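Have a look at the structure below before the remarks.
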Amino acid sequence: MQRFIGLLLLVITSIACSQKKAIFDDYIASIKGYQNELNMEFSDPMESPLTQEGRVKFESLDFFPIDSTYKVTATFELDKNPKTFSMPTTTDRLPIYKTYGAAKFNLNGKIFTLQIYQNQDLILQPKYKNHLFIPFRDKTNGKETYGGGRFLDLETPEGNTIVIDFNKAYNPYCAYNGKYSCPIPPKENDLEVAIKAGVKNYKNGH
């Protein structure tokens, strides 16, 4: 009987490990798919933010290795008294945003909070009615990543949690082409940690 129980536990453990591996493999595949979509966008002359010269030389964006550690489930708190404000940009443009809520998460044993915003013009478009926006800075800026910070796109959550995947962090368009006007991440979204995930700094012709 003990031998049978031992074999049964071994089988259950093996199945559980196989399921975890399958989930992990699916996740890696989904992020690679996201990266491929970005590269296709940057190669497309109709969609690419690159200059013509940059697009001709373009091969691929540079990404950090995919790391599931940087996919976190955050506690979400809706802003009960949202404020509408003009977000500073790299030009004189002042797009209107509204504070939406805050996401508090644990990363490598430390607690961080990011403020979440909604672009008031963008949400008028049916395609983006549930769109949320997180501009942020971290300790990689100006080194491995663009000095002006990076962005994350999310959808409005249904409950009190929201998934933040830094493997999908991307550069603003002004990192690639000076003709663009890009939001400047608010001070409250400065993270005292190096987020080694997502898109790295752009090297012309990479």
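Simple scheme: letters A, B, ... for chains in structure tokens order, numbers from 1 for residues in each chain, numbers from 1 for ligands in the order shown.
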Find the residues of segment 74-121 of chain A that sit at most 9 Å from segment 181-193 of chain A; for each, write down the nearest two atoms and how far apart they are in Å, to one decimal. Count only C-alpha atoms. Sort by chain, then by number going up, and give it as a tab-separated table.
```
residue	atom	partner	partner_atom	distance
A:Met87	CA	A:Pro183	CA	6.5
A:Pro88	CA	A:Ile184	CA	5.8
A:Thr89	CA	A:Pro183	CA	4.1
A:Thr90	CA	A:Ser181	CA	5.4
A:Thr91	CA	A:Ser181	CA	5.5
A:Asp92	CA	A:Ser181	CA	8.3
A:Arg93	CA	A:Ser181	CA	7.0
A:Leu94	CA	A:Pro183	CA	8.4
A:Pro95	CA	A:Pro183	CA	8.1
A:Phe112	CA	A:Leu191	CA	7.3
A:Thr113	CA	A:Asn189	CA	7.6
A:Leu114	CA	A:Asn189	CA	5.4
A:Gln115	CA	A:Asn189	CA	6.3
```
Note to self: Among segment 74-142 of chain A, which ones does DSSP assign to strand (DSSP E) (computed from the backbone)? Answer as a PyMOL selection string.
What the structure shows: chain A and resi 74-78+84-86+96-107+110-119+131-136
Determine, using only C-alpha atoms, which residues of segment 104-150 of chain A have any atom at most 8 Å from an atom of segment 156-171 of chain A, and tabulate each with its shortest atom pair and distance in Å to one decimal place, rows ordered by chain and then rising number, as a Markdown table.
```
| residue | atom | partner | partner_atom | distance |
| --- | --- | --- | --- | --- |
| A:Asn130 | CA | A:Thr156 | CA | 5.3 |
| A:His131 | CA | A:Thr156 | CA | 6.5 |
| A:Leu132 | CA | A:Thr156 | CA | 6.4 |
| A:Tyr146 | CA | A:Asn171 | CA | 6.7 |
| A:Gly149 | CA | A:Asn171 | CA | 7.2 |
| A:Arg150 | CA | A:Asn171 | CA | 4.8 |
```
Mind writing the picked residues with N, CA, C and O atoms as a short mmCIF file (atom, residue, chain, number, x, y, z; two decimals), in the first residue's frame?
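part_7.cif written:
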```
data_model
loop_
_atom_site.label_atom_id
_atom_site.label_comp_id
_atom_site.auth_asym_id
_atom_site.auth_seq_id
_atom_site.Cartn_x
_atom_site.Cartn_y
_atom_site.Cartn_z
N ASN A 130 -11.84 51.09 -22.69
CA ASN A 130 -11.39 50.47 -21.44
C ASN A 130 -9.88 50.61 -21.23
O ASN A 130 -9.31 49.94 -20.37
N HIS A 131 -9.26 51.47 -22.00
CA HIS A 131 -7.80 51.58 -21.98
C HIS A 131 -7.30 52.34 -20.75
O HIS A 131 -7.85 53.38 -20.38
N LEU A 132 -6.26 51.79 -20.12
CA LEU A 132 -5.58 52.44 -19.00
C LEU A 132 -4.11 52.61 -19.35
O LEU A 132 -3.56 51.86 -20.17
N TYR A 146 15.39 53.70 -22.20
CA TYR A 146 15.24 55.10 -22.59
C TYR A 146 15.18 56.01 -21.35
O TYR A 146 14.48 55.72 -20.38
N GLY A 149 11.83 57.28 -19.54
CA GLY A 149 10.86 56.35 -18.96
C GLY A 149 10.20 55.47 -20.01
O GLY A 149 10.47 55.59 -21.21
N ARG A 150 9.32 54.60 -19.54
CA ARG A 150 8.62 53.69 -20.44
C ARG A 150 7.14 53.67 -20.09
O ARG A 150 6.71 54.22 -19.08
#
```
Margin query: Under the rule that only C-alpha atoms are counted, which of A:Ile66, A:Leu50, A:Val72, A:Ala102 is the nearest residue to Lys196 of chain A?
Written below: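 Of all the options, A:Ile66 lies closest to Lys196 of chain A.
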Margin query: So that I can check the surroundings of Gln118 of chain A, please list as a PyMOL selection string every protein, DNA and RNA residue that reaches within 12 Å of it, counting only C-alpha atoms and ignoring chain neighbours fewer than 3 positions away.
Written below: chain A and resi 79+82-87+95-101+115+121-124+128-135+152-156
Next item on the list: Name the closest residue to Val56 of chain A among the candidates A:Ser30, A:Ser68, A:Ser43, A:Thr75; distances are taken between atoms, counting only C-alpha atoms.
Entry: A:Ser43
Check: Quick one: distance from atom CA of Phe42 of chain A to atom CA of Asp138 of chain A in Å, one decimal?
Finding: 24.3 Å
Note to self: Using DSSP assignments from the backbone, pull out every residue in segment 2-194 of chain A that falls under helix (DSSP H, G or I) and give it to me as number ranges by chain.
What the structure shows: A: 2-43, 52-57, 68-70, 122-124, 126-128, 166-168, 173-175, 187-189
Check: Could you state the separation of atom CA of Tyr202 of chain A and atom CA of Asp62 of chain A in Å, given to one decimal place?
Finding: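 Atom-to-atom, atom CA of Tyr202 of chain A to atom CA of Asp62 of chain A, that is 7.1 Å.
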Next item on the list: Work out how far atom CA of Pro49 of chain A is from atom CA of Lys32 of chain A, in Å to one decimal.
Entry: 20.7 Å
Note to self: Report as a count of residues only all protein, DNA and RNA residues lying within 9 Å of Asn201 of chain A, evaluated on only C-alpha atoms, omitting residues in the same chain fewer than 5 positions from it.
What the structure shows: 12
